[in-house]
Amino acid sequence: MNRKYLDDIGYTNRHDTWNSDDPRQEKWARERSVYGFDERETWSLDHTFACWLYERLRMYKEIDAVDLNYHTFEVDDEILTQNKVIERILSLLEEYFKMADNASKYDEACNNVAEAARLWAIIINACWW
């Protein structure tokens, strides 16, 4: 499956690539036809969320339908534009993807997803057009 933004950064360890030779492929195909996704997306929701958010924010910026410098937010005693917060989220997630498969960096990787989620919660209501 093509996942442009994840492919662009070379990240292939994601739910749509997990267990590609598994005999449950037909079951997962049925789940996708009913729900639009299959159970593999629930196996590691932090990971699924990181992939989902990264891809959507990359496209949101690429579409450039709104002025991302219009809204500002206070983040850790600093005033940042929506664009700066999004860039911070994308950077955290890219670092997460680099560390996600390294057991010795597991805690740091998890902290990156948690921080990205915290920042997302700050700007989510401004992400529309």
# chains A, B, ... in the order shown; residues from 1 in each chain; ligands from 1
$ residues_around --residues "Arg118 in chain A" --least-positions-apart "2" --cutoff "12 Å" --atoms "only C-alpha atoms" --output "list in words"
Val75, Asp76, Val85, Ile86, Arg88, Ile89, Leu92, Asn111, Asn112, Val113, Ala114, Glu115, Ala116, Trp120, Ala121, Ile122, Ile123 and Ile124 of chain A
$ write_last_selection --atoms "C-alpha atoms" --output "PDB file, in the first residue's frame"
ATOM      1  CA  VAL A  75       3.141  26.484  24.449  1.00  0.00           C
ATOM      2  CA  ASP A  76       5.429  26.112  27.443  1.00  0.00           C
ATOM      3  CA  VAL A  85       3.404  23.858  16.465  1.00  0.00           C
ATOM      4  CA  ILE A  86       2.711  21.629  13.473  1.00  0.00           C
ATOM      5  CA  ARG A  88       7.240  20.645  16.149  1.00  0.00           C
ATOM      6  CA  ILE A  89       4.710  17.790  16.018  1.00  0.00           C
ATOM      7  CA  LEU A  92       8.653  14.708  17.170  1.00  0.00           C
ATOM      8  CA  ASN A 111       7.461  10.286  25.117  1.00  0.00           C
ATOM      9  CA  ASN A 112       7.649  11.765  21.613  1.00  0.00           C
ATOM     10  CA  VAL A 113       4.195  10.446  20.720  1.00  0.00           C
ATOM     11  CA  ALA A 114       2.789  11.725  24.020  1.00  0.00           C
ATOM     12  CA  GLU A 115       4.306  15.167  23.421  1.00  0.00           C
ATOM     13  CA  ALA A 116       2.974  15.228  19.854  1.00  0.00           C
ATOM     14  CA  TRP A 120      -2.082  18.332  18.842  1.00  0.00           C
ATOM     15  CA  ALA A 121      -4.617  18.903  21.632  1.00  0.00           C
ATOM     16  CA  ILE A 122      -3.526  22.557  21.804  1.00  0.00           C
ATOM     17  CA  ILE A 123      -4.068  23.271  18.094  1.00  0.00           C
ATOM     18  CA  ILE A 124      -6.748  20.760  17.062  1.00  0.00           C
TER      19      ILE A 124
END
$ residues_around --residues "Trp52 in chain A" --least-positions-apart "4" --cutoff "12 Å" --atoms "only C-alpha atoms" --output "list in words"
Arg3, Tyr5, Leu6, Arg14, His15, Asp16, Glu41, Leu45, Asp46, His47, Thr48, Arg56, Leu57, Arg58, Met59, Leu90, Leu93, Val113, Ala116 and Ala117 of chain A
$ closest_residue --among "A:Ile9, A:Ile79, A:Gly36, A:Lys84" --to "Lys61 in chain A" --atoms "only C-alpha atoms"
A:Lys84
$ select_by_dssp --residues "chain A" --states "strand (DSSP E)" --output "VMD selection string"
chain A and resid 72 to 75 78 to 81
$ residues_around --residues "Glu95 in chain A" --least-positions-apart "4" --cutoff "8 Å" --atoms "only C-alpha atoms" --output "ChimeraX atom specification"
/A:91,99,109,112
$ select_by_dssp --residues "chain A" --states "helix (DSSP H, G or I)" --output "PyMOL selection string"
chain A and resi 4-8+15-17+25-35+39-42+45-63+82-99+103-126
$ residues_around --residues "Tyr70 in chain A" --least-positions-apart "4" --cutoff "12 Å" --atoms "only C-alpha atoms" --output "MDAnalysis selection string"
chainID A and resid 66 80:84 126:127
$ closest_residue --among "A:Thr12, A:Trp18, A:Asp64, A:Arg40" --to "Lys98 in chain A" --atoms "only C-alpha atoms"
A:Thr12
$ closest_residue --among "A:Phe73, A:Asp67, A:Glu55, A:Arg30" --to "Glu94 in chain A" --atoms "only C-alpha atoms"
A:Glu55
$ atom_distance --atom1 "CA of Asp8 in chain A" --atom2 "CA of Glu87 in chain A"
16.2 Å
$ atom_distance --atom1 "CA of Tyr96 in chain A" --atom2 "CA of Ala29 in chain A"
28.5 Å
$ atom_distance --atom1 "CA of Asp22 in chain A" --atom2 "CA of Asp107 in chain A"
29.1 Å
